$ cat upload.pdb   # PDB, C-alpha atoms and all ligand atoms
MODEL        1
ATOM      1  CA  MET X 263       2.017   0.021 -19.652
ATOM      2  CA  ARG X 264       2.847  -3.686 -19.672
ATOM      3  CA  ARG X 265       6.457  -2.811 -19.103
ATOM      4  CA  SER X 266       5.859  -0.573 -16.111
ATOM      5  CA  VAL X 267       3.555  -3.169 -14.524
ATOM      6  CA  THR X 268       6.326  -5.773 -14.809
ATOM      7  CA  GLU X 269       8.815  -3.288 -13.414
ATOM      8  CA  LYS X 270       6.541  -2.549 -10.480
ATOM      9  CA  MET X 271       6.157  -6.292  -9.862
ATOM     10  CA  TYR X 272       9.948  -6.750  -9.721
ATOM     11  CA  HIS X 273      10.244  -3.671  -7.559
ATOM     12  CA  ASP X 274       7.686  -5.031  -5.087
ATOM     13  CA  LEU X 275       9.368  -8.440  -5.111
ATOM     14  CA  ALA X 276      12.801  -6.910  -4.444
ATOM     15  CA  TRP X 277      11.312  -4.862  -1.624
ATOM     16  CA  LYS X 278       9.680  -7.916  -0.005
ATOM     17  CA  LEU X 279      12.840 -10.001  -0.367
ATOM     18  CA  THR X 280      14.871  -7.231   1.247
ATOM     19  CA  ILE X 281      12.480  -7.093   4.209
ATOM     20  CA  LEU X 282      12.475 -10.912   4.541
ATOM     21  CA  SER X 283      16.259 -11.222   4.401
ATOM     22  CA  THR X 284      16.667  -8.376   6.899
ATOM     23  CA  LEU X 285      14.261 -10.176   9.244
ATOM     24  CA  ALA X 286      16.187 -13.434   8.755
ATOM     25  CA  VAL X 287      19.477 -11.756   9.727
ATOM     26  CA  ALA X 288      17.783 -10.121  12.723
ATOM     27  CA  LEU X 289      16.410 -13.521  13.771
ATOM     28  CA  VAL X 290      19.883 -15.088  13.650
ATOM     29  CA  PHE X 291      21.222 -12.250  15.815
ATOM     30  CA  LEU X 292      18.347 -12.727  18.258
ATOM     31  CA  ILE X 293      18.983 -16.483  18.544
ATOM     32  CA  ILE X 294      22.693 -15.872  19.144
ATOM     33  CA  VAL X 295      21.963 -13.237  21.802
ATOM     34  CA  LEU X 296      19.486 -15.555  23.557
ATOM     35  CA  GLN X 297      21.883 -18.518  23.511
ATOM     36  CA  SER X 298      24.974 -16.568  24.489
ATOM     37  CA  GLY X 299      24.329 -17.079  28.196
ATOM     38  CA  SER X 300      24.559 -20.879  28.191
ATOM     39  CA  ARG X 301      27.945 -22.631  28.070
ATOM     40  CA  LYS X 302      28.445 -25.552  25.706
ATOM     41  CA  GLU X 303      31.276 -27.849  24.609
ATOM     42  CA  TYR X 304      33.123 -26.205  21.723
ATOM     43  CA  ALA X 305      34.389 -29.206  19.732
ATOM     44  CA  PRO X 306      31.038 -30.820  18.750
ATOM     45  CA  ILE X 307      29.619 -27.447  17.639
ATOM     46  CA  GLN X 308      32.718 -26.773  15.568
ATOM     47  CA  LYS X 309      32.476 -30.204  13.942
ATOM     48  CA  LYS X 310      28.828 -29.636  13.068
ATOM     49  CA  ALA X 311      29.539 -26.164  11.676
ATOM     50  CA  TYR X 312      32.416 -27.416   9.505
ATOM     51  CA  LYS X 313      30.195 -30.134   8.073
ATOM     52  CA  LEU X 314      27.506 -27.557   7.298
ATOM     53  CA  ARG X 315      30.086 -25.265   5.737
ATOM     54  CA  ASN X 316      31.330 -28.015   3.412
ATOM     55  CA  TYR X 317      27.765 -28.764   2.408
ATOM     56  CA  PHE X 318      27.023 -25.091   1.628
ATOM     57  CA  PHE X 319      30.253 -24.708  -0.301
ATOM     58  CA  PHE X 320      29.436 -27.774  -2.409
ATOM     59  CA  MET X 321      25.913 -26.464  -3.092
ATOM     60  CA  LEU X 322      27.313 -23.050  -4.019
ATOM     61  CA  VAL X 323      29.745 -24.603  -6.509
ATOM     62  CA  VAL X 324      26.956 -26.684  -8.069
ATOM     63  CA  VAL X 325      24.580 -23.692  -8.340
ATOM     64  CA  LEU X 326      27.233 -21.315  -9.699
ATOM     65  CA  ILE X 327      28.551 -23.779 -12.272
ATOM     66  CA  SER X 328      25.026 -24.499 -13.545
ATOM     67  CA  ILE X 329      24.271 -20.768 -13.820
ATOM     68  CA  ILE X 330      27.544 -20.097 -15.646
ATOM     69  CA  VAL X 331      27.093 -23.019 -18.040
ATOM     70  CA  THR X 332      23.485 -22.157 -18.921
ATOM     71  CA  THR X 333      24.104 -18.428 -19.374
ATOM     72  CA  LEU X 334      27.409 -18.753 -21.259
ATOM     73  CA  THR X 335      25.751 -20.691 -24.063
ATOM     74  CA  ASP X 336      23.892 -17.504 -25.075
ATOM     75  CA  LEU X 337      27.161 -15.632 -25.636
ATOM     76  CA  PRO X 338      28.167 -13.652 -27.577
ATOM     77  CA  PHE X 339      24.941 -11.655 -27.524
ATOM     78  CA  ASP X 340      24.141 -10.547 -31.046
ATOM     79  CA  ARG X 341      20.652  -9.219 -30.551
ATOM     80  CA  PRO X 342      18.333  -9.567 -27.575
ATOM     81  CA  VAL X 343      16.415 -12.827 -27.283
ATOM     82  CA  GLY X 344      13.274 -12.658 -29.442
ATOM     83  CA  TYR X 345      14.728 -10.061 -31.807
ATOM     84  CA  THR X 346      13.968 -12.012 -34.940
ATOM     85  CA  GLU X 347      12.778  -9.023 -36.937
ATOM     86  CA  GLU X 348      15.309  -6.772 -38.647
ATOM     87  CA  PRO X 349      15.556  -3.736 -36.347
ATOM     88  CA  LEU X 350      15.208  -0.129 -37.435
ATOM     89  CA  VAL X 351      18.652   1.427 -37.119
ATOM     90  CA  ILE X 352      18.793   4.915 -35.634
ATOM     91  CA  GLU X 353      22.181   6.578 -35.581
ATOM     92  CA  VAL X 354      22.658   8.844 -32.589
ATOM     93  CA  GLU X 355      25.522  11.272 -32.170
ATOM     94  CA  ALA X 356      25.843  13.248 -28.972
ATOM     95  CA  VAL X 357      27.519  16.617 -29.276
ATOM     96  CA  GLN X 358      27.936  19.461 -26.789
ATOM     97  CA  PHE X 359      25.059  20.293 -26.368
ATOM     98  CA  GLY X 360      22.496  18.349 -28.361
ATOM     99  CA  TRP X 361      21.690  15.188 -30.252
ATOM    100  CA  ASN X 362      22.050  14.329 -33.936
ATOM    101  CA  MET X 363      19.645  11.533 -34.738
ATOM    102  CA  SER X 364      18.965   9.868 -38.078
ATOM    103  CA  SER X 365      15.294   9.425 -37.141
ATOM    104  CA  ARG X 366      12.921  10.780 -34.511
ATOM    105  CA  GLU X 367       9.852   8.699 -35.271
ATOM    106  CA  VAL X 368       9.278   5.033 -34.463
ATOM    107  CA  LYS X 369       6.293   2.703 -34.745
ATOM    108  CA  ILE X 370       4.994   0.749 -31.774
ATOM    109  CA  GLY X 371       6.432  -2.752 -31.616
ATOM    110  CA  GLN X 372       9.164  -1.940 -34.132
ATOM    111  CA  PRO X 373      12.473  -3.226 -32.752
ATOM    112  CA  VAL X 374      14.988  -0.387 -32.775
ATOM    113  CA  GLU X 375      18.745  -0.550 -32.792
ATOM    114  CA  PHE X 376      20.264   2.720 -31.553
ATOM    115  CA  GLN X 377      23.891   3.149 -32.599
ATOM    116  CA  VAL X 378      25.113   5.683 -30.100
ATOM    117  CA  THR X 379      28.362   7.627 -30.273
ATOM    118  CA  SER X 380      29.719  11.053 -29.373
ATOM    119  CA  ALA X 381      31.464  13.791 -31.344
ATOM    120  CA  ASP X 382      33.344  15.201 -28.374
ATOM    121  CA  VAL X 383      33.182  14.064 -24.743
ATOM    122  CA  ASN X 384      31.310  11.332 -22.867
ATOM    123  CA  HIS X 385      27.548  11.757 -22.673
ATOM    124  CA  GLY X 386      24.696   9.560 -21.516
ATOM    125  CA  PHE X 387      21.852   8.651 -23.865
ATOM    126  CA  GLY X 388      18.684   8.187 -21.824
ATOM    127  CA  ILE X 389      15.156   7.532 -23.140
ATOM    128  CA  TYR X 390      12.381   8.674 -20.801
ATOM    129  CA  ASP X 391       8.617   8.498 -21.245
ATOM    130  CA  GLU X 392       6.167  11.351 -20.595
ATOM    131  CA  LYS X 393       6.169  10.573 -16.871
ATOM    132  CA  MET X 394       9.968  10.764 -16.909
ATOM    133  CA  ILE X 395      10.359   7.050 -16.281
ATOM    134  CA  LEU X 396      13.601   5.761 -17.763
ATOM    135  CA  HIS X 397      13.050   3.096 -20.445
ATOM    136  CA  ALA X 398      16.536   2.530 -21.845
ATOM    137  CA  GLN X 399      19.974   4.075 -21.659
ATOM    138  CA  THR X 400      23.558   3.696 -22.765
ATOM    139  CA  GLN X 401      26.703   5.744 -22.740
ATOM    140  CA  ALA X 402      27.640   7.953 -25.687
ATOM    141  CA  MET X 403      31.403   7.763 -26.046
ATOM    142  CA  PRO X 404      33.776   9.432 -28.528
ATOM    143  CA  GLU X 405      35.308   7.102 -31.135
ATOM    144  CA  TYR X 406      33.137   4.226 -30.006
ATOM    145  CA  THR X 407      29.614   3.092 -30.864
ATOM    146  CA  ASN X 408      27.408   1.559 -28.225
ATOM    147  CA  VAL X 409      24.466  -0.447 -29.506
ATOM    148  CA  LEU X 410      21.208  -0.183 -27.617
ATOM    149  CA  TYR X 411      18.209  -2.349 -28.465
ATOM    150  CA  HIS X 412      14.774  -1.159 -27.491
ATOM    151  CA  THR X 413      11.203  -1.830 -28.583
ATOM    152  CA  PHE X 414       8.606   0.774 -27.652
ATOM    153  CA  THR X 415       5.336  -0.747 -26.478
ATOM    154  CA  GLU X 416       3.418   2.470 -25.760
ATOM    155  CA  PRO X 417       2.748   5.432 -28.061
ATOM    156  CA  GLY X 418       3.755   8.920 -27.052
ATOM    157  CA  THR X 419       6.529  11.442 -27.024
ATOM    158  CA  TYR X 420       9.668  10.144 -25.393
ATOM    159  CA  HIS X 421      12.347  12.439 -24.052
ATOM    160  CA  ILE X 422      16.016  12.021 -24.795
ATOM    161  CA  LEU X 423      18.120  13.416 -21.981
ATOM    162  CA  CYS X 424      21.846  13.459 -21.391
ATOM    163  CA  MET X 425      22.618  11.340 -18.354
ATOM    164  CA  GLU X 426      26.235  12.301 -17.844
ATOM    165  CA  TYR X 427      27.412  15.756 -16.876
ATOM    166  CA  CYS X 428      29.285  16.952 -19.950
ATOM    167  CA  GLY X 429      29.715  20.685 -19.553
ATOM    168  CA  ILE X 430      28.080  23.985 -18.778
ATOM    169  CA  SER X 431      24.945  23.412 -20.905
ATOM    170  CA  HIS X 432      24.507  19.715 -20.110
ATOM    171  CA  HIS X 433      20.910  20.354 -19.006
ATOM    172  CA  TYR X 434      20.032  21.667 -22.476
ATOM    173  CA  MET X 435      20.854  18.305 -24.073
ATOM    174  CA  MET X 436      17.254  17.319 -24.719
ATOM    175  CA  ASP X 437      15.562  15.792 -27.720
ATOM    176  CA  LYS X 438      12.440  13.800 -28.522
ATOM    177  CA  ILE X 439      11.356  10.561 -30.147
ATOM    178  CA  VAL X 440       7.741  10.148 -31.171
ATOM    179  CA  VAL X 441       6.279   6.648 -31.014
ATOM    180  CA  VAL X 442       3.243   6.282 -33.259
ATOM    181  CA  ASN X 443       0.612   3.603 -33.745
ATOM    182  CA  ASP X 444       1.166   1.464 -36.794
ATOM    183  CA  THR X 445      -1.831   2.298 -38.994
ATOM    184  CA  LYS X 446      -1.111  -0.365 -41.609
TER     185      LYS X 446
HETATM  186 CU    CU X 501      25.482  15.856 -20.754
ENDMDL
END
$ encode --input "upload.pdb" --output "C-alpha cells"
Amino acid sequence: MRRSVTEKMYHDLAWKLTILSTLAVALVFLIIVLQSGSRKEYAPIQKKAYKLRNYFFFMLVVVLISIIVTTLTDLPFDRPVGYTEEPLVIEVEAVQFGWNMSSREVKIGQPVEFQVTSADVNHGFGIYDEKMILHAQTQAMPEYTNVLYHTFTEPGTYHILCMEYCGISHHYMMDKIVVVNDTK
C-alpha cells in the first residue's frame, strides 16, 4: 500500500511537471510569435544570448559534476541502500515454459535476493501483485545470473509472469509467490 501511494505521488508529480514544461515551451513560442513583427538590431541581442548561453553552460557543468561526484561514491552497488539485514536468497531459473524457484513463500519485510537465470532462451522475470501492478522485474538470461533485490511490504499472492516473448507457450509462464505475515 505504502509503495503504491508513493508511486502514485511520483506519477502525479511527473504528470504535473510534463504539463508545466509543455506550457513553458508553448509560452516561449507565443512570445516569439508576438515579437516576430518588430525589427531590432541583431548584434546586441546576439551578445546578450551568448552571455546567457555561457552562463547556462557553466551552471550545467557545475550541476552535472556535482551529481556525478555524489552518485559515484555509492558505486559499486552491493546491495540496495538500507539492506543491512541478510537477504533471503531465492534461486529462480526460467525454462520454456515455466519457473523453477527454490522458494515460493516469503515473509513481509524480509529482504529477498532473487538470483535469476535461464536454462534456455531469454525470459523476463516479473513480479506482479493481485491487481497486476508490477513490483519488480529483471531479465532471465542463459549463462548469466541477474540479481534482483525486493522487499515485500504487503501480504498476498504475487504473480510471476514472463515479460519477454520466448516462444509459443510464453503466456503459460506463470508462477506464484505467497507473502505471509510474520507471526513471530
Ligand atoms: Cu516468455
$ closest_residue --input "upload.pdb" --among "X:Asp382, X:Asp391, X:Glu426, X:Asp274" --to "ligand CU 501 (chain X)" --atoms "all atoms listed in the file"
X:Glu426
$ resolve_selection --input "upload.pdb" --expression "the PyMOL selection byres (((not hetatm)) within 8 of (chain X and resi 501))" --output "NGL selection string"
:X and (358-359 or 384-386 or 423-429 or 431-433 or 435)
$ resolve_selection --input "upload.pdb" --expression "the PyMOL selection byres (((chain X and resi 419) around 9) and not hetatm)" --output "ChimeraX atom specification"
/X:390-392,417-418,420-421,438-442
$ atom_distance --input "upload.pdb" --atom1 "CA of Thr400 in chain X" --atom2 "CA of Trp361 in chain X"
13.8 Å
$ atom_distance --input "upload.pdb" --atom1 "CA of Leu314 in chain X" --atom2 "CA of Leu282 in chain X"
22.6 Å
$ closest_residue --input "upload.pdb" --among "X:Phe387, X:Phe319, X:Lys393, X:Tyr312" --to "Gly360 in chain X" --atoms "only C-alpha atoms"
X:Phe387
$ resolve_selection --input "upload.pdb" --expression "the PyMOL selection byres (((chain X and resi 414) around 8) and not hetatm)" --output "ChimeraX atom specification"
/X:369-373,412-413,415-417,441
$ residues_around --input "upload.pdb" --residues "Thr407 in chain X" --least-positions-apart "4" --cutoff "10 Å" --atoms "only C-alpha atoms" --output "VMD selection string"
chain X and resid 353 to 355 376 to 380 401 to 403
$ atom_distance --input "upload.pdb" --atom1 "CA of Leu337 in chain X" --atom2 "CA of Val374 in chain X"
20.8 Å
$ closest_residue --input "upload.pdb" --among "X:Tyr434, X:Arg366, X:Glu375, X:Leu396" --to "Glu347 in chain X" --atoms "only C-alpha atoms"
X:Glu375
$ closest_residue --input "upload.pdb" --among "X:Gln297, X:Ala398, X:Val368, X:Ser283" --to "Pro349 in chain X" --atoms "all atoms listed in the file"
X:Val368
